[in-house]
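What follows is upload_25.txt (compact mmCIF, C-alpha atoms and all ligand atoms).
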# COMPACT_ATOMS: atom_id res chain seq x y z
CA MET A 1387 20.32 22.39 11.04
CA THR A 1388 22.79 19.57 10.27
CA SER A 1389 23.16 18.47 6.65
CA VAL A 1390 24.21 14.94 5.69
CA LEU A 1391 25.93 13.98 2.42
CA LEU A 1392 25.29 10.41 1.23
CA THR A 1393 27.96 9.14 -1.15
CA GLY A 1394 28.90 5.78 -2.69
CA ILE A 1395 25.50 5.54 -4.43
CA ALA A 1396 25.90 3.28 -7.48
CA GLU A 1397 22.34 4.12 -8.64
CA LEU A 1398 20.08 6.79 -7.18
CA VAL A 1399 16.42 6.29 -8.11
CA THR A 1400 14.79 9.72 -7.88
CA ASN A 1401 11.49 9.16 -9.74
CA ASP A 1402 12.16 12.60 -11.19
CA PRO A 1403 12.19 12.45 -15.01
CA ALA A 1404 14.30 15.64 -15.10
CA ALA A 1405 17.09 13.92 -13.12
CA GLY A 1406 17.68 10.91 -15.36
CA PRO A 1407 16.20 8.61 -17.98
CA GLY A 1408 13.04 6.49 -17.72
CA PRO A 1409 10.28 6.56 -15.15
CA LEU A 1410 12.84 6.13 -12.37
CA GLY A 1411 14.96 9.19 -13.18
CA SER A 1412 18.05 7.18 -12.20
CA VAL A 1413 21.39 8.87 -11.61
CA PRO A 1414 24.55 6.68 -11.67
CA ASP A 1415 27.46 7.39 -9.27
CA ALA A 1416 25.25 9.79 -7.36
CA ALA A 1417 25.20 11.71 -4.11
CA LEU A 1418 22.36 13.04 -2.00
CA VAL A 1419 22.24 15.81 0.59
CA LEU A 1420 19.62 15.60 3.36
CA GLU A 1421 18.75 18.50 5.62
CA GLY A 1422 15.92 19.03 8.08
CA GLY A 1423 14.39 15.67 7.20
CA ARG A 1424 14.14 16.62 3.51
CA VAL A 1425 16.17 16.11 0.35
CA ALA A 1426 18.26 19.25 -0.20
CA TRP A 1427 20.34 18.22 -3.25
CA THR A 1428 20.71 15.27 -5.67
CA GLY A 1429 23.11 14.74 -8.55
CA PRO A 1430 26.37 13.18 -9.72
CA ALA A 1431 28.81 12.58 -6.86
CA ALA A 1432 31.50 14.56 -8.71
CA ARG A 1433 29.42 17.72 -8.27
CA ALA A 1434 28.26 17.14 -4.68
CA PRO A 1435 28.36 20.14 -2.34
CA ALA A 1436 29.93 20.01 1.12
CA ALA A 1437 27.79 19.01 4.12
CA ASP A 1438 28.14 18.84 7.91
CA ALA A 1439 28.33 15.04 8.01
CA GLY A 1440 29.03 12.25 5.54
CA TYR A 1441 27.75 8.72 5.08
CA ASP A 1442 29.14 6.31 2.47
CA VAL A 1443 26.63 3.63 1.38
CA GLY A 1444 29.43 1.57 -0.19
CA GLY A 1445 28.53 1.29 -3.87
CA ARG A 1446 24.87 0.38 -3.33
CA ALA A 1447 21.57 1.49 -4.84
CA VAL A 1448 19.43 4.09 -3.04
CA LEU A 1449 15.70 4.20 -3.78
CA PRO A 1450 12.78 6.19 -2.39
CA GLY A 1451 11.27 4.25 0.52
CA PHE A 1452 8.40 2.00 -0.56
CA VAL A 1453 4.89 3.43 -0.23
CA ASP A 1454 2.53 0.62 0.73
CA SER A 1455 -0.87 2.16 -0.04
CA HIS A 1456 -3.02 -0.80 1.07
CA SER A 1457 -2.76 -2.82 4.27
CA HIS A 1458 -4.90 -4.19 7.09
CA LEU A 1459 -2.55 -4.32 10.09
CA LEU A 1460 -5.11 -4.11 12.91
CA PHE A 1461 -6.04 -7.67 13.70
CA ALA A 1462 -5.41 -10.52 16.11
CA GLY A 1463 -4.63 -14.14 15.38
CA ASP A 1464 -3.83 -15.68 12.02
CA ARG A 1465 -5.53 -17.93 9.47
CA ALA A 1466 -2.72 -20.28 8.59
CA GLY A 1467 -5.16 -23.20 8.57
CA GLU A 1468 -7.25 -21.46 5.93
CA PHE A 1469 -4.10 -20.91 3.86
CA ALA A 1470 -3.22 -24.61 4.16
CA ALA A 1471 -6.72 -25.56 3.02
CA ARG A 1472 -6.40 -23.28 -0.01
CA MET A 1473 -3.06 -24.79 -0.94
CA ALA A 1474 -4.83 -28.16 -0.79
CA GLY A 1475 -7.46 -26.97 -3.27
CA GLN A 1476 -10.11 -25.01 -1.33
CA PRO A 1477 -11.15 -21.64 -2.84
CA TYR A 1478 -10.66 -18.30 -1.06
CA ALA A 1479 -13.92 -16.92 0.38
CA ALA A 1480 -14.54 -13.42 1.76
CA GLY A 1481 -16.35 -14.98 4.73
CA GLY A 1482 -13.02 -15.93 6.36
CA ILE A 1483 -12.80 -12.28 7.42
CA ARG A 1484 -15.35 -13.06 10.18
CA ALA A 1485 -12.88 -15.37 11.96
CA THR A 1486 -10.41 -12.48 12.24
CA VAL A 1487 -13.22 -10.17 13.37
CA ALA A 1488 -13.95 -12.49 16.31
CA ALA A 1489 -10.26 -12.67 17.30
CA THR A 1490 -9.80 -8.90 16.95
CA ARG A 1491 -12.82 -8.06 19.10
CA ALA A 1492 -11.53 -10.40 21.80
CA ALA A 1493 -8.03 -8.87 21.83
CA SER A 1494 -6.90 -6.17 24.27
CA ASP A 1495 -5.70 -2.78 23.04
CA ASP A 1496 -2.18 -3.76 24.11
CA ALA A 1497 -2.27 -6.99 22.13
CA LEU A 1498 -3.51 -5.19 19.00
CA ALA A 1499 -0.88 -2.46 19.40
CA ALA A 1500 1.88 -5.05 19.86
CA ASN A 1501 0.87 -6.95 16.71
CA LEU A 1502 0.68 -3.66 14.80
CA ALA A 1503 4.15 -2.62 16.03
CA ARG A 1504 5.58 -6.01 15.03
CA LEU A 1505 4.21 -5.69 11.49
CA VAL A 1506 5.27 -2.05 11.07
CA ALA A 1507 8.80 -3.00 12.18
CA GLU A 1508 8.76 -5.84 9.64
CA MET A 1509 7.71 -3.37 6.94
CA ARG A 1510 10.47 -0.94 7.90
CA ARG A 1511 13.05 -3.73 7.65
CA GLY A 1512 11.77 -4.40 4.12
CA GLY A 1513 12.12 -0.74 3.13
CA THR A 1514 8.56 0.57 3.54
CA THR A 1515 8.53 4.17 4.78
CA THR A 1516 4.85 5.11 4.27
CA VAL A 1517 1.99 2.73 5.01
CA GLU A 1518 -1.76 3.05 4.71
CA ILE A 1519 -3.64 1.06 7.36
CA LYS A 1520 -7.33 0.10 7.27
CA SER A 1521 -9.73 -0.87 10.01
CA GLY A 1522 -12.32 -3.49 9.10
CA TYR A 1523 -11.80 -6.32 11.58
CA GLY A 1524 -13.76 -4.65 14.40
CA LEU A 1525 -17.13 -3.97 12.80
CA THR A 1526 -18.63 -2.47 15.96
CA VAL A 1527 -18.57 1.25 16.73
CA ALA A 1528 -16.09 0.79 19.58
CA ASP A 1529 -13.85 -1.73 17.80
CA GLU A 1530 -13.59 0.25 14.56
CA ALA A 1531 -12.80 3.44 16.50
CA ARG A 1532 -10.13 1.78 18.66
CA CYS A 1533 -8.45 0.12 15.68
CA LEU A 1534 -8.28 3.45 13.82
CA ALA A 1535 -7.00 5.27 16.90
CA LEU A 1536 -4.19 2.68 17.20
CA ALA A 1537 -3.42 2.94 13.47
CA ARG A 1538 -3.23 6.74 13.74
CA GLU A 1539 -0.38 6.36 16.21
CA VAL A 1540 1.80 4.90 13.45
CA THR A 1541 0.58 6.59 10.23
CA GLU A 1542 -1.41 9.54 8.91
CA GLU A 1543 -2.83 7.30 6.18
CA THR A 1544 -5.68 5.64 8.03
CA THR A 1545 -8.77 4.23 6.33
CA PHE A 1546 -12.19 3.43 7.81
CA LEU A 1547 -13.34 0.08 6.40
CA GLY A 1548 -16.46 -0.59 8.46
CA ALA A 1549 -17.95 -1.83 5.16
CA HIS A 1550 -15.62 -4.84 4.99
CA VAL A 1551 -18.28 -7.54 5.46
CA VAL A 1552 -21.66 -7.63 7.18
CA PRO A 1553 -20.92 -9.08 10.63
CA GLU A 1554 -22.44 -12.38 11.62
CA GLY A 1555 -26.04 -12.03 12.77
CA SER A 1556 -26.53 -8.50 11.35
CA ASP A 1557 -29.06 -7.44 8.76
CA VAL A 1558 -27.47 -5.69 5.73
CA ALA A 1559 -29.69 -2.59 5.82
CA ASP A 1560 -29.29 -2.19 9.59
CA TYR A 1561 -25.54 -2.62 9.33
CA LEU A 1562 -25.30 -0.01 6.55
CA ASP A 1563 -27.19 2.44 8.78
CA LEU A 1564 -24.65 1.77 11.52
CA VAL A 1565 -21.64 2.17 9.20
CA THR A 1566 -22.92 5.43 7.70
CA GLY A 1567 -24.16 6.74 11.08
CA PRO A 1568 -22.65 6.17 14.53
CA MET A 1569 -19.70 4.09 13.34
CA LEU A 1570 -18.64 6.72 10.81
CA GLU A 1571 -19.01 9.42 13.44
CA ALA A 1572 -16.73 7.52 15.84
CA ALA A 1573 -14.23 6.60 13.10
CA ALA A 1574 -13.95 9.90 11.21
CA PRO A 1575 -11.72 11.75 13.72
CA HIS A 1576 -9.08 9.01 13.32
CA ALA A 1577 -9.33 8.47 9.54
CA ARG A 1578 -8.31 10.20 6.32
CA TRP A 1579 -9.96 7.74 3.93
CA ILE A 1580 -13.07 5.54 3.67
CA ASP A 1581 -13.12 2.22 1.82
CA VAL A 1582 -15.70 -0.44 0.90
CA PHE A 1583 -15.17 -4.09 -0.08
CA CYS A 1584 -17.37 -4.02 -3.22
CA GLU A 1585 -17.69 -7.68 -4.16
CA ASP A 1586 -20.17 -10.58 -4.18
CA GLY A 1587 -20.34 -11.77 -0.58
CA ALA A 1588 -19.53 -8.30 0.75
CA PHE A 1589 -21.20 -5.03 -0.48
CA ASP A 1590 -22.85 -4.24 -3.82
CA ALA A 1591 -22.37 -1.04 -5.84
CA ASP A 1592 -25.41 0.74 -4.35
CA ALA A 1593 -24.17 0.07 -0.84
CA ALA A 1594 -20.67 1.20 -1.80
CA ARG A 1595 -22.05 4.42 -3.25
CA THR A 1596 -24.04 5.07 -0.06
CA VAL A 1597 -21.04 4.45 2.22
CA LEU A 1598 -18.67 6.59 0.14
CA ALA A 1599 -21.20 9.45 0.01
CA ALA A 1600 -21.61 9.36 3.79
CA GLY A 1601 -17.83 9.30 4.18
CA ALA A 1602 -17.43 12.28 1.86
CA ALA A 1603 -19.98 14.22 3.90
CA ALA A 1604 -17.85 13.47 6.99
CA GLY A 1605 -14.70 14.72 5.22
CA LEU A 1606 -13.22 11.32 4.29
CA ARG A 1607 -11.87 10.60 0.81
CA GLY A 1608 -12.97 7.41 -0.93
CA ARG A 1609 -11.13 4.31 -2.09
CA LEU A 1610 -12.49 0.89 -3.07
CA HIS A 1611 -11.67 -2.82 -2.97
CA ALA A 1612 -13.10 -4.01 -6.31
CA ASN A 1613 -13.04 -6.75 -8.94
CA GLN A 1614 -10.95 -9.06 -6.73
CA LEU A 1615 -12.91 -12.30 -6.80
CA GLY A 1616 -14.72 -11.79 -10.10
CA PRO A 1617 -15.94 -9.17 -12.53
CA GLY A 1618 -18.19 -6.51 -11.02
CA PRO A 1619 -19.24 -2.88 -10.95
CA GLY A 1620 -16.68 -1.59 -8.42
CA VAL A 1621 -13.95 -0.44 -10.79
CA ARG A 1622 -16.42 1.51 -12.94
CA LEU A 1623 -17.93 3.05 -9.80
CA ALA A 1624 -14.47 4.18 -8.66
CA ALA A 1625 -13.84 5.75 -12.07
CA GLU A 1626 -17.27 7.41 -12.14
CA LEU A 1627 -16.68 8.92 -8.69
CA GLY A 1628 -13.16 10.03 -9.67
CA LEU A 1629 -11.55 8.17 -6.76
CA VAL A 1630 -7.79 8.48 -6.57
CA ALA A 1631 -7.32 4.68 -6.53
CA VAL A 1632 -9.19 1.41 -6.78
CA ASP A 1633 -7.54 -1.71 -5.44
CA HIS A 1634 -7.25 -5.37 -6.56
CA CYS A 1635 -8.47 -4.97 -10.21
CA THR A 1636 -7.90 -8.66 -10.91
CA HIS A 1637 -10.98 -9.26 -13.11
CA LEU A 1638 -11.37 -6.43 -15.61
CA THR A 1639 -13.42 -5.99 -18.78
CA ASP A 1640 -12.29 -3.71 -21.60
CA ALA A 1641 -14.90 -1.20 -20.38
CA ASP A 1642 -13.30 -1.24 -16.90
CA VAL A 1643 -9.86 -0.55 -18.36
CA ALA A 1644 -11.23 2.27 -20.52
CA ALA A 1645 -13.00 3.78 -17.52
CA LEU A 1646 -9.76 3.77 -15.51
CA ARG A 1647 -7.86 5.33 -18.39
CA ASP A 1648 -10.45 8.08 -18.85
CA SER A 1649 -10.83 8.90 -15.14
CA GLY A 1650 -7.14 8.77 -14.23
CA THR A 1651 -8.02 6.53 -11.25
CA ILE A 1652 -4.95 4.50 -10.25
CA ALA A 1653 -5.27 0.69 -10.34
CA THR A 1654 -3.51 -0.68 -7.26
CA LEU A 1655 -2.51 -4.29 -7.81
CA LEU A 1656 -1.90 -6.58 -4.83
CA PRO A 1657 -0.03 -9.65 -6.09
CA GLY A 1658 0.42 -11.04 -2.58
CA VAL A 1659 -3.30 -11.87 -2.74
CA GLU A 1660 -3.07 -13.96 -5.89
CA PHE A 1661 0.07 -15.64 -4.53
CA SER A 1662 -1.78 -16.61 -1.36
CA THR A 1663 -5.15 -17.50 -2.88
CA ARG A 1664 -4.03 -19.14 -6.14
CA GLN A 1665 -6.35 -16.86 -8.06
CA PRO A 1666 -5.41 -15.58 -11.53
CA TRP A 1667 -2.85 -12.77 -11.56
CA PRO A 1668 -4.02 -9.24 -12.43
CA ASP A 1669 -2.69 -8.01 -15.78
CA ALA A 1670 -0.52 -4.96 -15.20
CA ARG A 1671 0.74 -5.00 -18.78
CA ARG A 1672 -2.77 -4.59 -20.19
CA LEU A 1673 -3.41 -1.65 -17.85
CA LEU A 1674 -0.10 0.09 -18.54
CA ASP A 1675 -0.44 -0.38 -22.30
CA ALA A 1676 -3.90 1.20 -22.10
CA GLY A 1677 -2.46 4.24 -20.30
CA VAL A 1678 -3.70 3.39 -16.78
CA ARG A 1679 -1.41 4.22 -13.84
CA VAL A 1680 -0.57 1.13 -11.77
CA ALA A 1681 0.50 1.04 -8.12
CA LEU A 1682 1.68 -1.99 -6.15
CA ALA A 1683 0.88 -2.68 -2.48
CA THR A 1684 0.97 -5.65 -0.11
CA ASP A 1685 -2.64 -5.78 1.21
CA CYS A 1686 -0.97 -7.26 4.29
CA ASN A 1687 -3.75 -9.07 6.22
CA PRO A 1688 -4.07 -12.49 7.88
CA GLY A 1689 -6.50 -13.87 5.27
CA SER A 1690 -5.71 -13.17 1.65
CA SER A 1691 -2.11 -11.87 1.78
CA TYR A 1692 -0.01 -12.25 4.91
CA THR A 1693 3.10 -10.56 3.55
CA SER A 1694 4.48 -7.17 4.54
CA SER A 1695 7.13 -7.28 1.81
CA MET A 1696 7.07 -4.69 -0.96
CA PRO A 1697 10.20 -6.29 -2.49
CA LEU A 1698 8.18 -9.53 -2.88
CA CYS A 1699 5.38 -7.58 -4.58
CA VAL A 1700 7.90 -5.98 -6.96
CA ALA A 1701 9.37 -9.38 -7.85
CA LEU A 1702 5.91 -10.94 -8.39
CA ALA A 1703 4.82 -7.97 -10.52
CA VAL A 1704 7.82 -8.42 -12.77
CA ARG A 1705 7.55 -12.18 -13.04
CA GLU A 1706 3.76 -12.63 -13.15
CA LEU A 1707 2.03 -9.28 -13.88
CA GLY A 1708 4.05 -8.32 -16.94
CA MET A 1709 5.84 -5.27 -15.53
CA THR A 1710 9.42 -4.29 -16.20
CA PRO A 1711 11.60 -3.91 -13.10
CA ALA A 1712 11.58 -0.12 -13.57
CA GLU A 1713 7.76 -0.04 -13.86
CA ALA A 1714 7.38 -2.19 -10.76
CA VAL A 1715 9.75 -0.07 -8.64
CA HIS A 1716 7.98 3.08 -9.86
CA ALA A 1717 4.61 1.49 -8.97
CA ALA A 1718 5.84 0.59 -5.47
CA THR A 1719 7.14 4.11 -4.78
CA ALA A 1720 5.92 7.09 -6.86
CA VAL A 1721 2.58 5.65 -7.95
CA GLY A 1722 1.91 4.29 -4.45
CA ALA A 1723 2.39 7.85 -3.20
CA ALA A 1724 0.02 9.16 -5.88
CA ALA A 1725 -2.53 6.54 -4.80
CA LEU A 1726 -2.47 8.26 -1.40
CA ASP A 1727 -2.51 11.68 -3.06
CA ARG A 1728 0.93 12.44 -1.61
CA ASP A 1729 3.71 14.27 -3.43
CA ASP A 1730 6.12 14.56 -0.51
CA VAL A 1731 7.01 10.85 -0.52
CA GLY A 1732 7.75 8.20 -3.18
CA ARG A 1733 10.46 10.32 -4.82
CA LEU A 1734 13.90 11.66 -3.97
CA GLY A 1735 13.80 15.12 -5.50
CA VAL A 1736 14.65 18.37 -3.73
CA GLY A 1737 12.02 19.12 -1.10
CA ALA A 1738 10.77 15.53 -0.77
CA ARG A 1739 10.78 13.85 2.65
CA ALA A 1740 14.11 12.07 3.07
CA ASP A 1741 12.61 8.56 3.13
CA LEU A 1742 14.90 6.09 1.45
CA VAL A 1743 16.07 2.51 1.15
CA VAL A 1744 19.65 1.34 0.73
CA LEU A 1745 19.82 -1.96 -1.17
CA ASP A 1746 22.68 -4.41 -0.88
CA ALA A 1747 22.84 -4.35 -4.67
CA PRO A 1748 24.14 -2.02 -7.37
CA SER A 1749 20.74 -1.29 -8.92
CA HIS A 1750 16.97 -1.55 -8.55
CA LEU A 1751 17.00 -4.50 -11.00
CA HIS A 1752 18.16 -6.79 -8.21
CA LEU A 1753 14.79 -6.53 -6.40
CA ALA A 1754 13.29 -8.79 -9.08
CA TYR A 1755 16.51 -10.45 -10.20
CA ARG A 1756 17.23 -11.75 -6.66
CA PRO A 1757 13.72 -12.62 -5.39
CA GLY A 1758 13.34 -13.54 -1.76
CA VAL A 1759 16.75 -12.18 -0.79
CA PRO A 1760 16.63 -9.57 2.01
CA LEU A 1761 18.41 -6.80 0.09
CA THR A 1762 17.31 -3.87 2.25
CA VAL A 1763 20.33 -2.99 4.39
CA ALA A 1764 19.03 0.32 5.73
CA THR A 1765 15.78 2.28 5.77
CA TRP A 1766 15.77 6.01 6.50
CA VAL A 1767 12.67 8.00 7.45
CA ALA A 1768 12.72 11.81 7.41
CA GLY A 1769 16.50 11.86 7.14
CA ARG A 1770 17.32 9.37 9.88
CA PRO A 1771 18.13 5.64 9.74
CA VAL A 1772 15.38 3.58 11.37
CA THR A 1773 16.93 0.20 10.52
CA GLY A 1774 20.40 -0.92 9.47
O1 LIG A 1801 -8.07 -6.96 0.73
N1 LIG A 1801 -10.77 -8.03 0.13
C1 LIG A 1801 -11.07 -7.78 1.28
N2 LIG A 1801 -10.28 -7.69 2.32
C2 LIG A 1801 -9.01 -8.29 2.40
C3 LIG A 1801 -9.09 -9.70 2.79
C4 LIG A 1801 -9.28 -9.82 4.18
C5 LIG A 1801 -9.30 -11.22 4.73
O2 LIG A 1801 -9.43 -12.25 4.03
O3 LIG A 1801 -9.18 -11.22 5.95
C6 LIG A 1801 -8.29 -8.12 1.08
O4 LIG A 1801 -7.93 -9.07 0.41
FE FE A 1802 -7.47 -5.24 1.28

Give the structure from the file, written as structure tokens.
Amino acid sequence: MTSVLLTGIAELVTNDPAAGPGPLGSVPDAALVLEGGRVAWTGPAARAPAADAGYDVGGRAVLPGFVDSHSHLLFAGDRAGEFAARMAGQPYAAGGIRATVAATRAASDDALAANLARLVAEMRRGGTTTVEIKSGYGLTVADEARCLALAREVTEETTFLGAHVVPEGSDVADYLDLVTGPMLEAAAPHARWIDVFCEDGAFDADAARTVLAAGAAAGLRGRLHANQLGPGPGVRLAAELGLVAVDHCTHLTDADVAALRDSGTIATLLPGVEFSTRQPWPDARRLLDAGVRVALATDCNPGSSYTSSMPLCVALAVRELGMTPAEAVHAATAVGAAALDRDDVGRLGVGARADLVVLDAPSHLHLAYRPGVPLTVATWVAGRPVTG
């Protein structure tokens, strides 16, 4: 097995509190040894062991690859016109999802796979090394199954979201029977997770409970979209069920925040949505100060958040959600991994998968300090460069 020694690391973010101060466990003037796709050694460059090969990153920062724990990359078409209307004053409405459902159903497998590959490549160029991908724009047994099968080709973190909206012309009760019956049966072999859009205009808490229970019986773990467009019962349901994460969390009562704190459920904030819908920003500061763990993800989809950029989410979280740069980077890496119940990614400690980002900057601070600048010069997955 060939080992590789990375040197010239101005700041190494490990996310290991034993390695350095703060949530990031940063090591200045560091080195890193990779072997067999894993991290074999980290520490100050002056103490680095010998390795079979060497790679000098040139005085740059090295971070764990971003873990994007919430995306919807299986779709066709876009909704740029809807975005333009919102920027001219129209509100965001969940019903726009149906336009993408029609385009997705009409697309060939090849067209869906090509769009997926384009977006995954875009994510890799931005430094994302683990991505969760949901279905939810098929909403028939065959379309949900084919979207999940395509997603499975690019990630293990696949999520069945048949309960995204009730498709046009369907009755709610009949559709729920389909989602919890034949659609779940067809989707389950390709999925790890099950999700429900629990919101006015989509599914209520009883429906969400029913779908998550059916998913659990089929071996799928639950997650929820909740409290995006207004206050509602979804966040408390996620806490009651002990879900690992609940996503959006834009409109929260004190009782919601307390429920998240008590359950340990991670609040995944998706600032690309508020950027693209002009809705109020979620309040990360309030959650962190209450002791809730916060993750950041893109929610990349053609309706509410058509960005694949975790660096943008970090910058928005710092500027608009009240996070420090260190908290935001931690949320986009280690806490994103925790939101997928993964401990092999989102950190650069010994034994972790060697997934990392090299920034054209001396420290993680520059992700928020230099917003909109493409700082990712290389992305490595399992010990090999995939870009740069
Ligand atoms: O996470 N909230 C529900 N689903 C997506 C929006 C999808 C769309 O508008 O197409 C979201 O924001
Ligand atoms: Fe979403």

Distance query segment 1583-1590 of chain A at most 8 Å, all atoms listed in the file, self and fewer than 2 positions along chain excluded, as a PyMOL selection string:
chain A and resi 1480-1481+1547+1549-1552+1581+1592-1594+1610-1616+1618+1620

May I ask you to write as a PyMOL selection string all residues lying at most 12 Å from ligand FE 1802 (chain A), with all atoms listed in the file counted?
chain A and resi 1454-1460+1480+1483+1518-1523+1545-1547+1549-1551+1581-1585+1609-1614+1632-1635+1654-1659+1683-1692

Can you tell me which residues surround Thr1719 of chain A at a distance of at most 7 Å, considering only C-alpha atoms, apart from same-chain residues fewer than 3 positions away, and format the answer as a list in words?
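Skipping anything fewer than 3 positions along the chain leaves Pro1450, Gly1451, Phe1452, Val1453, Val1715, His1716, Gly1722, Ala1723 and Gly1732 of chain A.
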
Measuring between all atoms listed in the file, which one of A:Ser1649, A:Thr1566, A:Thr1541, A:Thr1663 shows the shortest distance to ligand LIG 1801 (chain A)?
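Smallest distance to ligand LIG 1801 (chain A) is found for A:Thr1663.
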
Need the shell around Leu1751 of chain A: protein/DNA/RNA residues with any atom at most 10 Å away, counting all atoms listed in the file. Skip same-chain ones fewer than 5 positions apart. Format as an NGL selection string?
:A and (1447 or 1701 or 1710-1712 or 1714-1715 or 1756)

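Atom CA of Leu1674 of chain A lies 9.4 Å from atom CA of Arg1647 of chain A.
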
Enter the distance from atom CA of Asp1727 of chain A to atom CA of Arg1739 of chain A, in Å, rounded to one decimal.
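Computing the Euclidean distance for atom CA of Asp1727 of chain A and atom CA of Arg1739 of chain A yields 14.6 Å.
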
Which distance in Å separates atom CA of Gly1524 of chain A and atom CA of Glu1468 of chain A, to one decimal?
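About the pair atom CA of Gly1524 of chain A and atom CA of Glu1468 of chain A: they are 19.9 Å apart.
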
Which polymer residues, whether protein, DNA or RNA, lie within 7 Å of the coordinate (-8.1, 10.6, 5.3) when you count all atoms listed in the file? List them as a PyMOL selection string, using the chain letters and numbers from the file.
chain A and resi 1543-1545+1577-1579+1606-1607

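If all atoms listed in the file are the atoms counted, then among A:Val1425, A:Ala1499, A:Ala1724, A:Met1509 the closest residue to Ser1694 of chain A is A:Met1509.
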
Leaving out Leu1753 of chain A and any residue of its chain fewer than 5 positions from it, which residues lie within 10 Å of it when counting only C-alpha atoms, given as a PyMOL selection string?
chain A and resi 1696-1701+1704+1711+1714-1715+1745-1747+1758-1762

Is there a way to get, as a JSON list (two decimals) with C-alpha atoms, in the frame of the given file, all residues within 9 Å of the point (-1.4, -2.1, -16.9) in file coordinates, counting all atoms listed in the file?
[["chain", "number", "residue", "atom", "x", "y", "z"],
["A", 1643, "VAL", "CA", -9.86, -0.55, -18.36],
["A", 1653, "ALA", "CA", -5.27, 0.69, -10.34],
["A", 1668, "PRO", "CA", -4.02, -9.24, -12.43],
["A", 1669, "ASP", "CA", -2.69, -8.01, -15.78],
["A", 1670, "ALA", "CA", -0.52, -4.96, -15.20],
["A", 1671, "ARG", "CA", 0.74, -5.00, -18.78],
["A", 1672, "ARG", "CA", -2.77, -4.59, -20.19],
["A", 1673, "LEU", "CA", -3.41, -1.65, -17.85],
["A", 1674, "LEU", "CA", -0.10, 0.09, -18.54],
["A", 1675, "ASP", "CA", -0.44, -0.38, -22.30],
["A", 1676, "ALA", "CA", -3.90, 1.20, -22.10],
["A", 1677, "GLY", "CA", -2.46, 4.24, -20.30],
["A", 1678, "VAL", "CA", -3.70, 3.39, -16.78],
["A", 1679, "ARG", "CA", -1.41, 4.22, -13.84],
["A", 1680, "VAL", "CA", -0.57, 1.13, -11.77],
["A", 1707, "LEU", "CA", 2.03, -9.28, -13.88],
["A", 1708, "GLY", "CA", 4.05, -8.32, -16.94],
["A", 1709, "MET", "CA", 5.84, -5.27, -15.53]]
